[in-house]
Amino acid sequence: MDLKILSELSSDASISVPKLSEKINTNSSVVYSRIKRLIRQKLIQRYTIEVNDKELGYTVKSVTGINMDSKKRDQIIDSLFEIDGVREISEVTGRFDIMVTMYAKSLNEMHKVVSEKIGKIDGIIGSESFIEMKRRAKPMPYIFGE
């Protein structure tokens, strides 16, 4: 049942407990107490919204792979987060040290961010950017069996 609750809340965090209870065919008080337990267990960390970046004018998304001097890792990551548009940084395995997710209002603006800001951070050895052309996504289904 917890996985059903997590799956439904992942799709719509604003759903009311009575509607959620109806949807998963369980008593409201049971669903309410299970949600409280999931929060205590830190399986639910927060409730949030999903902003439509394109409606705000952020029409260009880039994932940029960066190689860096590992001795300057923390300073580089701090510098990257100071750049407007940098949304997420992941340390990864493979040919890059980190992957940086960024948003911009145009290709020209993205080019400026990569060449004039990221390219000038001390300790960055090289980068390669991947511009998102089209996105397809689905919510994580937390139902792995009954």
# chains A, B, ... in the order shown; residues from 1 in each chain; ligands from 1

$ select_by_dssp --residues "stretch 6-103 of chain A" --states "helix (DSSP H, G or I)" --output "VMD selection string"
chain A and resid 6 to 11 17 to 24 28 to 40 53 to 56 70 to 81

$ closest_residue --among "A:Gly123, A:Ser10, A:Ile118, A:Leu107" --to "A:Glu50" --atoms "only C-alpha atoms"
A:Ser10

$ residues_around --residues "A:Ala13" --least-positions-apart "3" --cutoff "10 Å" --atoms "only C-alpha atoms" --output "list in words"
Leu6, Ser7, Glu8, Leu9, Ser10, Ser16, Arg46, Tyr47, Thr48 and Ile49 of chain A

$ closest_residue --among "A:Gly57, A:Pro141, A:Gly85, A:Gly119" --to "A:Tyr103" --atoms "only C-alpha atoms"
A:Gly85

$ closest_residue --among "A:Glu55, A:Glu109, A:Glu116, A:Glu91" --to "A:Asp74" --atoms "only C-alpha atoms"
A:Glu91

$ select_by_dssp --residues "stretch 8-121 of chain A" --states "strand (DSSP E or B)" --output "PyMOL selection string"
chain A and resi 60-68+86-91+98-104

$ write_last_selection --atoms "C-alpha atoms" --output "PDB file, in the first residue's frame"
ATOM      1  CA  VAL A  60      16.786  25.963 -23.908  1.00  0.00           C
ATOM      2  CA  LYS A  61      17.951  23.146 -21.636  1.00  0.00           C
ATOM      3  CA  SER A  62      21.503  21.883 -21.656  1.00  0.00           C
ATOM      4  CA  VAL A  63      23.270  19.071 -19.901  1.00  0.00           C
ATOM      5  CA  THR A  64      26.973  19.852 -19.906  1.00  0.00           C
ATOM      6  CA  GLY A  65      29.637  17.301 -19.086  1.00  0.00           C
ATOM      7  CA  ILE A  66      32.665  18.831 -17.386  1.00  0.00           C
ATOM      8  CA  ASN A  67      36.145  17.533 -16.646  1.00  0.00           C
ATOM      9  CA  MET A  68      37.921  19.316 -13.837  1.00  0.00           C
ATOM     10  CA  VAL A  86      22.518  26.285 -13.368  1.00  0.00           C
ATOM     11  CA  ARG A  87      19.904  24.045 -11.826  1.00  0.00           C
ATOM     12  CA  GLU A  88      21.607  20.782 -10.899  1.00  0.00           C
ATOM     13  CA  ILE A  89      25.091  19.270 -10.649  1.00  0.00           C
ATOM     14  CA  SER A  90      25.717  15.524 -10.510  1.00  0.00           C
ATOM     15  CA  GLU A  91      29.034  13.811  -9.907  1.00  0.00           C
ATOM     16  CA  ILE A  98      30.296  16.155 -13.344  1.00  0.00           C
ATOM     17  CA  MET A  99      27.133  16.802 -15.362  1.00  0.00           C
ATOM     18  CA  VAL A 100      25.556  20.245 -15.074  1.00  0.00           C
ATOM     19  CA  THR A 101      21.906  20.853 -15.968  1.00  0.00           C
ATOM     20  CA  MET A 102      21.259  24.436 -17.104  1.00  0.00           C
ATOM     21  CA  TYR A 103      18.388  26.485 -18.503  1.00  0.00           C
ATOM     22  CA  ALA A 104      18.523  29.607 -20.679  1.00  0.00           C
TER      23      ALA A 104
END
